[in-house]
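Report on the structure given below.
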Amino acid sequence: MALLDKTRPASLRNCPAPAKLNLFLHVIGRRPDGYHLLETVFQLTDFCDYLHFTCRDDGQIRRITRNGQINEEDDLIIRAANLLRENALGQKGKHVPGIDIEIEKNLPVGGGLGGGSSDAATTLMALNYLWNCRFDTQELIEMGIRLGADVPFFLLGENAFAEGIGEKLTPIKTPGGWFVVIKPPVSVPTALIFRSNELTRNTEPIKMTDFPGFYERLDHFGRNDLQGVATRLFPEIGSAINELEKFGNARMTGSGACVFSRFSSKTQAEEVAARLSVKWETRVVQGLQNHPLKYLLDNKGE
């Protein structure tokens with residue numbers, strides 16, 4: 001039995017798992033194993049799920065919060081905790097105590113905001129600290145790849161240009177600002193979009209150095225290659241884009257369903273959101289440059 005480390009707190013509360021936006025998303029190819037090759041810029045936001053972790057001394061890993069949509073053993077949060085435990089034992093010979101995990105779920109499922117991946121990344125970061133595993137960021141990222149293509153980004157801890165299946169990450173500084181996000185009344189299964197025969201997979205790869213002012217022009221750079229397929233299958237997404245386009249450059253994030261537009265001021269974003277909220281579920285979110293738990297990454301969870 002692994003005893004609790006008395007030099008560590010027994011719990012961490014209110015650990016944020018932030019949403020991401022894809023400022024653009026290009027599909028440039030497909031690997032022989034079926035995974036798609038992408039290029040995208042990930043933008044962190046202050047729209048978050050919140051996770052609460054309490055150590056237990058019997059070795060059990062439990063999700064305390066009920067979720068009728070996902071079985072406990074299939075939940076990315078539980079899978080992340082088990083994966084960290086396996087690596088702690090396998091790489092460092094360290095037995096770890098158990099954990100109770102609660103979640104305040106705010107990010108919509110099937111919204112393209114990376115909620116499940118972000119929850120998994122926050123779990124890895126928080127438990128790396130609570131269990132005193134001392135894995136560094138790159139080691140956590142290598143674990144995250146096994147959980148999902150977006151998990152490595154959240155573990156990087158800052159905005160990034162991503163390549164490959166999402167695991168090749170280059171930190172960048174984005175324009176930030178305020179975003180109006182619309183959640184259409186649909187939930188989009190990611191696999192459905194990527195399986196579509198209508199999805200183009202041959203967008204020309206880019207070199208950021210070929211585009212002067214690339215970072216400043218991210219609002220209007222590129223496109224989301226998944227958007228055409230998603231709007232044909234879910235017309236509500238197209239309707240939301242058309243409404244938001246009246247106020248600024250709008251596009252879908254991830255594989256959908258959420259759509260967004262950036263504004264330079266909070267006041268402007270709130271005015272637009274208020275006008276659209278008569279018909280749509282809207283939210284104003286602020287862009288972040290760093291993950292709120294980056295301090296845990298910078299110190300190897302120490």
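Here, A, B, ... name the chains of the structure tokens in the order displayed, residue numbers run from 1 inside each chain, and ligands are numbered from 1 in the same displayed order.
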
(message) Quick check for you: according to DSSP on this backbone, which residues of region 215-261 of chain A are classed as strand (DSSP E)? Reply as a list in words.
(response) Arg251, Met252, Val259, Phe260 and Ser261 of chain A

(request) Write out as a list in words the residues lying within 8 Å of His291 (chain A), counting only C-alpha atoms and excluding same-chain residues fewer than 3 positions away. (result)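 Surrounding residues, per the criterion: Pro18, Leu44, Phe154, Gly157, Glu158, Leu288 and Lys294 of chain A.
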
(request) Would you please give, as a VMD selection string, all residues of region 10-241 of chain A that DSSP assigns to alpha helix (DSSP H) based on the backbone? (result) chain A and resid 76 to 92 115 to 130 137 to 145 151 to 156 190 to 195 227 to 233 235 to 241

(message) Env of Asn299 (chain A): 12 Å cut, atoms = only C-alpha atoms, seq-sep filter 4 positions within chain, self excluded. Answer as an MDAnalysis selection string.
(response) chainID A and resid 125 128:129 132:137 293:295

What are the closest atom pairs, with distances in Å to one decimal, for all residues of region 115-168 of chain A lying within 10 Å of region 51-64 of chain A? Consider only C-alpha atoms, order rows by chain and residue number, and present the result as JSON lines.
{"residue": "A:Asp119", "atom": "CA", "partner": "A:Leu51", "partner_atom": "CA", "distance": 7.6}
{"residue": "A:Thr122", "atom": "CA", "partner": "A:Leu51", "partner_atom": "CA", "distance": 7.8}
{"residue": "A:Thr123", "atom": "CA", "partner": "A:Leu51", "partner_atom": "CA", "distance": 7.9}
{"residue": "A:Ala126", "atom": "CA", "partner": "A:Phe53", "partner_atom": "CA", "distance": 7.8}
{"residue": "A:Leu127", "atom": "CA", "partner": "A:Phe53", "partner_atom": "CA", "distance": 8.0}
{"residue": "A:Leu130", "atom": "CA", "partner": "A:Cys55", "partner_atom": "CA", "distance": 7.8}
{"residue": "A:Trp131", "atom": "CA", "partner": "A:Cys55", "partner_atom": "CA", "distance": 8.5}

Grab the residues selected above and save them as a compact mmCIF listing (two decimals), in the first residue's frame with N, CA and C atoms.
# COMPACT_ATOMS: atom_id res chain seq x y z
N ASP A 119 -9.24 18.11 -19.69
CA ASP A 119 -9.45 17.46 -18.39
C ASP A 119 -8.36 16.44 -18.12
N THR A 122 -5.04 18.28 -17.29
CA THR A 122 -5.06 18.82 -15.93
C THR A 122 -4.89 17.71 -14.91
N THR A 123 -5.48 16.55 -15.17
CA THR A 123 -5.31 15.40 -14.28
C THR A 123 -3.85 15.00 -14.19
N ALA A 126 -1.91 17.80 -12.20
CA ALA A 126 -2.24 17.85 -10.78
C ALA A 126 -1.71 16.63 -10.03
N LEU A 127 -1.88 15.44 -10.61
CA LEU A 127 -1.43 14.23 -9.92
C LEU A 127 0.08 14.09 -9.94
N LEU A 130 0.65 16.09 -6.81
CA LEU A 130 0.15 15.48 -5.57
C LEU A 130 0.87 14.19 -5.23
N TRP A 131 1.16 13.40 -6.25
CA TRP A 131 1.83 12.12 -6.04
C TRP A 131 3.35 12.23 -6.04

(message) Residues near Gly248 (chain A), anyone? I mean within 9 Å using only C-alpha atoms, not counting same-chain ones fewer than 6 positions away, as a PyMOL selection string.
(response) chain A and resi 261-263
